[in-house]
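Containing compact mmCIF, N, CA and C atoms: coords-v8.txt.
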# COMPACT_ATOMS: atom_id res chain seq x y z
N MET A 1069 -17.36 8.61 29.43
CA MET A 1069 -17.87 8.48 30.78
C MET A 1069 -19.17 9.27 30.85
N ASN A 1070 -20.17 8.71 31.47
CA ASN A 1070 -21.44 9.46 31.55
C ASN A 1070 -21.35 10.52 32.64
N ASP A 1071 -22.22 11.48 32.53
CA ASP A 1071 -22.18 12.62 33.45
C ASP A 1071 -22.96 12.38 34.73
N ALA A 1072 -23.57 11.21 34.85
CA ALA A 1072 -24.36 10.92 36.05
C ALA A 1072 -23.41 10.68 37.21
N MET A 1073 -23.72 11.29 38.35
CA MET A 1073 -22.86 11.13 39.50
C MET A 1073 -23.77 11.07 40.73
N SER A 1074 -23.37 10.24 41.67
CA SER A 1074 -24.19 10.13 42.87
C SER A 1074 -23.99 11.36 43.75
N ILE A 1075 -25.09 11.85 44.31
CA ILE A 1075 -25.06 13.04 45.15
C ILE A 1075 -25.55 12.65 46.53
N ASN A 1076 -24.82 13.07 47.53
CA ASN A 1076 -25.25 12.80 48.91
C ASN A 1076 -26.40 13.72 49.28
N VAL A 1077 -26.98 13.47 50.42
CA VAL A 1077 -28.11 14.25 50.89
C VAL A 1077 -27.72 15.71 51.10
N ASP A 1078 -26.48 15.95 51.52
CA ASP A 1078 -26.06 17.33 51.76
C ASP A 1078 -25.67 18.06 50.47
N GLY A 1079 -25.73 17.40 49.31
CA GLY A 1079 -25.45 18.03 48.03
C GLY A 1079 -24.03 17.82 47.53
N SER A 1080 -23.19 17.17 48.33
CA SER A 1080 -21.81 16.92 47.87
C SER A 1080 -21.77 15.60 47.11
N PRO A 1081 -20.84 15.47 46.14
CA PRO A 1081 -20.76 14.22 45.40
C PRO A 1081 -20.30 13.08 46.30
N GLY A 1082 -20.78 11.89 46.01
CA GLY A 1082 -20.39 10.72 46.77
C GLY A 1082 -18.97 10.28 46.42
N LEU A 1083 -18.56 9.18 47.01
CA LEU A 1083 -17.21 8.67 46.81
C LEU A 1083 -16.94 8.40 45.33
N MET A 1084 -17.85 7.72 44.66
CA MET A 1084 -17.66 7.40 43.25
C MET A 1084 -17.65 8.67 42.40
N GLY A 1085 -18.46 9.65 42.80
CA GLY A 1085 -18.48 10.91 42.08
C GLY A 1085 -17.14 11.64 42.18
N ARG A 1086 -16.58 11.65 43.40
CA ARG A 1086 -15.29 12.31 43.60
C ARG A 1086 -14.19 11.57 42.84
N VAL A 1087 -14.24 10.25 42.86
CA VAL A 1087 -13.24 9.46 42.13
C VAL A 1087 -13.37 9.73 40.63
N GLY A 1088 -14.61 9.78 40.15
CA GLY A 1088 -14.84 10.06 38.74
C GLY A 1088 -14.32 11.43 38.35
N GLN A 1089 -14.55 12.42 39.19
CA GLN A 1089 -14.06 13.76 38.91
C GLN A 1089 -12.53 13.80 38.86
N LYS A 1090 -11.91 13.11 39.81
CA LYS A 1090 -10.45 13.08 39.84
C LYS A 1090 -9.89 12.34 38.63
N LEU A 1091 -10.56 11.28 38.22
CA LEU A 1091 -10.11 10.55 37.03
C LEU A 1091 -10.24 11.41 35.77
N CYS A 1092 -11.34 12.14 35.67
CA CYS A 1092 -11.51 13.03 34.51
C CYS A 1092 -10.45 14.12 34.49
N ALA A 1093 -10.17 14.69 35.67
CA ALA A 1093 -9.14 15.73 35.74
C ALA A 1093 -7.77 15.15 35.39
N ALA A 1094 -7.48 13.94 35.87
CA ALA A 1094 -6.20 13.30 35.55
C ALA A 1094 -6.10 13.00 34.05
N LYS A 1095 -7.22 12.57 33.47
CA LYS A 1095 -7.24 12.28 32.04
C LYS A 1095 -6.98 13.55 31.23
N GLU A 1096 -7.59 14.65 31.63
CA GLU A 1096 -7.38 15.92 30.93
C GLU A 1096 -5.93 16.38 31.05
N ARG A 1097 -5.34 16.24 32.25
CA ARG A 1097 -3.93 16.62 32.42
C ARG A 1097 -3.02 15.73 31.58
N ALA A 1098 -3.33 14.43 31.53
CA ALA A 1098 -2.52 13.50 30.73
C ALA A 1098 -2.63 13.83 29.25
N ASN A 1099 -3.85 14.13 28.78
CA ASN A 1099 -4.02 14.51 27.37
C ASN A 1099 -3.24 15.78 27.04
N LYS A 1100 -3.27 16.75 27.94
CA LYS A 1100 -2.55 17.99 27.71
C LYS A 1100 -1.05 17.73 27.68
N ALA A 1101 -0.56 16.88 28.59
CA ALA A 1101 0.87 16.56 28.62
C ALA A 1101 1.29 15.83 27.35
N VAL A 1102 0.45 14.91 26.88
CA VAL A 1102 0.76 14.17 25.65
C VAL A 1102 0.79 15.12 24.45
N CYS A 1103 -0.16 16.04 24.39
CA CYS A 1103 -0.18 17.01 23.29
C CYS A 1103 1.08 17.88 23.31
N LEU A 1104 1.47 18.36 24.48
CA LEU A 1104 2.66 19.18 24.58
C LEU A 1104 3.92 18.39 24.22
N LEU A 1105 3.98 17.14 24.67
CA LEU A 1105 5.12 16.28 24.34
C LEU A 1105 5.18 16.01 22.84
N ASP A 1106 4.02 15.76 22.24
CA ASP A 1106 3.97 15.53 20.79
C ASP A 1106 4.44 16.76 20.02
N ALA A 1107 3.98 17.93 20.45
CA ALA A 1107 4.38 19.17 19.79
C ALA A 1107 5.88 19.39 19.93
N ARG A 1108 6.42 19.13 21.11
CA ARG A 1108 7.86 19.31 21.31
C ARG A 1108 8.67 18.33 20.49
N MET A 1109 8.22 17.07 20.41
CA MET A 1109 8.92 16.06 19.61
C MET A 1109 8.89 16.42 18.13
N ARG A 1110 7.75 16.91 17.65
CA ARG A 1110 7.67 17.32 16.25
C ARG A 1110 8.61 18.49 15.97
N LEU A 1111 8.69 19.41 16.89
CA LEU A 1111 9.57 20.56 16.73
C LEU A 1111 11.03 20.12 16.72
N LEU A 1112 11.38 19.24 17.65
CA LEU A 1112 12.77 18.81 17.75
C LEU A 1112 13.19 17.93 16.58
N THR A 1113 12.26 17.19 16.00
CA THR A 1113 12.65 16.28 14.92
C THR A 1113 12.58 16.93 13.55
N THR A 1114 11.87 18.03 13.38
CA THR A 1114 11.78 18.62 12.05
C THR A 1114 12.79 19.73 11.82
N GLU A 1115 12.99 20.60 12.77
CA GLU A 1115 13.87 21.74 12.55
C GLU A 1115 15.33 21.36 12.33
N PRO A 1116 15.95 20.51 13.17
CA PRO A 1116 17.36 20.21 12.94
C PRO A 1116 17.63 19.49 11.62
N GLU A 1117 16.67 18.74 11.11
CA GLU A 1117 16.88 18.01 9.86
C GLU A 1117 17.09 18.96 8.69
N LYS A 1118 16.42 20.10 8.70
CA LYS A 1118 16.59 21.04 7.60
C LYS A 1118 18.04 21.50 7.52
N GLY A 1119 18.64 21.83 8.63
CA GLY A 1119 20.03 22.23 8.65
C GLY A 1119 20.96 21.08 8.32
N ALA A 1120 20.60 19.87 8.78
CA ALA A 1120 21.43 18.70 8.51
C ALA A 1120 21.45 18.40 7.02
N VAL A 1121 20.31 18.54 6.36
CA VAL A 1121 20.26 18.29 4.93
C VAL A 1121 21.13 19.29 4.19
N THR A 1122 21.07 20.54 4.56
CA THR A 1122 21.90 21.57 3.93
C THR A 1122 23.38 21.26 4.15
N ALA A 1123 23.74 20.85 5.34
CA ALA A 1123 25.14 20.50 5.63
C ALA A 1123 25.57 19.29 4.81
N GLU A 1124 24.68 18.32 4.66
CA GLU A 1124 25.01 17.14 3.85
C GLU A 1124 25.25 17.53 2.40
N TYR A 1125 24.43 18.42 1.86
CA TYR A 1125 24.64 18.89 0.50
C TYR A 1125 26.01 19.58 0.37
N ALA A 1126 26.35 20.38 1.34
CA ALA A 1126 27.63 21.07 1.29
C ALA A 1126 28.79 20.08 1.31
N VAL A 1127 28.71 19.07 2.15
CA VAL A 1127 29.77 18.06 2.22
C VAL A 1127 29.87 17.30 0.90
N VAL A 1128 28.74 16.94 0.32
CA VAL A 1128 28.75 16.23 -0.96
C VAL A 1128 29.35 17.10 -2.06
N LEU A 1129 29.00 18.37 -2.09
CA LEU A 1129 29.57 19.26 -3.10
C LEU A 1129 31.08 19.41 -2.95
N VAL A 1130 31.56 19.51 -1.74
CA VAL A 1130 33.01 19.62 -1.52
C VAL A 1130 33.70 18.33 -1.94
N ALA A 1131 33.11 17.19 -1.60
CA ALA A 1131 33.70 15.90 -1.99
C ALA A 1131 33.70 15.73 -3.51
N ALA A 1132 32.62 16.12 -4.17
CA ALA A 1132 32.54 16.00 -5.62
C ALA A 1132 33.57 16.91 -6.29
N THR A 1133 33.75 18.11 -5.77
CA THR A 1133 34.74 19.04 -6.32
C THR A 1133 36.15 18.48 -6.15
N ALA A 1134 36.43 17.92 -4.99
CA ALA A 1134 37.76 17.33 -4.75
C ALA A 1134 37.99 16.15 -5.69
N PHE A 1135 36.97 15.31 -5.88
CA PHE A 1135 37.08 14.16 -6.78
C PHE A 1135 37.32 14.63 -8.21
N ALA A 1136 36.63 15.67 -8.64
CA ALA A 1136 36.82 16.21 -9.99
C ALA A 1136 38.24 16.76 -10.15
N ALA A 1137 38.76 17.41 -9.13
CA ALA A 1137 40.12 17.94 -9.20
C ALA A 1137 41.13 16.81 -9.33
N VAL A 1138 40.92 15.72 -8.59
CA VAL A 1138 41.81 14.57 -8.69
C VAL A 1138 41.73 13.95 -10.08
N LEU A 1139 40.53 13.82 -10.63
CA LEU A 1139 40.39 13.26 -11.99
C LEU A 1139 41.08 14.12 -13.03
N ILE A 1140 40.94 15.42 -12.91
CA ILE A 1140 41.58 16.33 -13.87
C ILE A 1140 43.10 16.19 -13.78
N ALA A 1141 43.63 16.09 -12.57
CA ALA A 1141 45.07 15.92 -12.39
C ALA A 1141 45.54 14.60 -13.01
N ILE A 1142 44.75 13.56 -12.86
CA ILE A 1142 45.12 12.26 -13.42
C ILE A 1142 45.09 12.30 -14.94
N VAL A 1143 44.04 12.86 -15.51
CA VAL A 1143 43.90 12.90 -16.97
C VAL A 1143 44.97 13.78 -17.60
N LYS A 1144 45.42 14.82 -16.92
CA LYS A 1144 46.45 15.71 -17.46
C LYS A 1144 47.86 15.13 -17.35
N SER A 1145 48.02 14.04 -16.63
CA SER A 1145 49.36 13.47 -16.47
C SER A 1145 49.86 12.87 -17.78
N ASP A 1146 51.19 12.82 -17.95
CA ASP A 1146 51.79 12.33 -19.19
C ASP A 1146 51.50 10.85 -19.41
N VAL A 1147 51.46 10.07 -18.35
CA VAL A 1147 51.21 8.63 -18.48
C VAL A 1147 49.83 8.37 -19.07
N VAL A 1148 48.83 9.06 -18.56
CA VAL A 1148 47.47 8.87 -19.05
C VAL A 1148 47.33 9.38 -20.48
N LYS A 1149 47.97 10.50 -20.78
CA LYS A 1149 47.94 11.02 -22.15
C LYS A 1149 48.54 10.01 -23.13
N THR A 1150 49.65 9.40 -22.77
CA THR A 1150 50.30 8.41 -23.62
C THR A 1150 49.40 7.19 -23.80
N LEU A 1151 48.81 6.71 -22.71
CA LEU A 1151 47.91 5.55 -22.80
C LEU A 1151 46.70 5.85 -23.67
N LEU A 1152 46.08 7.00 -23.49
CA LEU A 1152 44.90 7.35 -24.28
C LEU A 1152 45.25 7.54 -25.76
N THR A 1153 46.37 8.18 -26.03
CA THR A 1153 46.80 8.36 -27.41
C THR A 1153 47.06 7.01 -28.08
N GLY A 1154 47.74 6.12 -27.40
CA GLY A 1154 48.00 4.78 -27.94
C GLY A 1154 46.72 4.01 -28.17
N LEU A 1155 45.76 4.14 -27.28
CA LEU A 1155 44.47 3.45 -27.40
C LEU A 1155 43.70 3.98 -28.62
N ILE A 1156 43.70 5.28 -28.79
CA ILE A 1156 42.97 5.88 -29.92
C ILE A 1156 43.65 5.50 -31.24
N LYS A 1157 44.99 5.53 -31.29
CA LYS A 1157 45.71 5.14 -32.52
C LYS A 1157 45.43 3.69 -32.86
N LYS A 1158 45.42 2.82 -31.87
CA LYS A 1158 45.16 1.40 -32.11
C LYS A 1158 43.72 1.20 -32.60
N ALA A 1159 42.78 1.94 -32.03
CA ALA A 1159 41.37 1.80 -32.43
C ALA A 1159 41.16 2.31 -33.86
N LEU A 1160 41.89 3.34 -34.27
CA LEU A 1160 41.71 3.91 -35.59
C LEU A 1160 42.52 3.20 -36.68
N SER A 1161 43.51 2.44 -36.27
CA SER A 1161 44.31 1.75 -37.28
C SER A 1161 43.51 0.58 -37.85
N VAL A 1162 43.63 0.40 -39.13
CA VAL A 1162 42.92 -0.68 -39.80
C VAL A 1162 43.92 -1.78 -40.11
N GLY A 1163 43.54 -2.99 -39.79
CA GLY A 1163 44.33 -4.13 -40.20
C GLY A 1163 45.13 -4.64 -39.13
Show how you would write the structure in this file as structure tokens.
Amino acid sequence: MNDAMSINVDGSPGLMGRVGQKLCAAKERANKAVCLLDARMRLLTTEPEKGAVTAEYAVVLVAATAFAAVLIAIVKSDVVKTLLTGLIKKALSVG
């Protein structure tokens, strides 16, 4: 917007000048509000994710540990030992 503004004889800005001033002030307030909103949104969207990622890692580690415990229990069972032993003997036997 150009800085030219109509001035009345008494030195006060004319109607268009006052409207222009109010529009500039409204634009500045809107820009400030948008900047503050953007800063708040960035703050709200970045900080909680860091904690969420850490919590997700913890959940995955607990699940992986539980899965490993179940696998160890299965492999140590007599049925699996018998099956694996039979499979290895069959693979090593010739003929």
Original post:
At what distance in Å, to one decimal, does atom CA of A:Ile1142 lie from atom CA of A:Lys1158?
Top reply: 21.6 Å
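For the atom pair formed by atom C of A:Gly1085 and atom C of A:Lys1100, the distance is 22.5 Å, given to one decimal.
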Original post:
Just how far from atom CA of A:Ala1094 is atom CA of A:Gly1082, in Å to one decimal?
Top reply: 18.3 Å
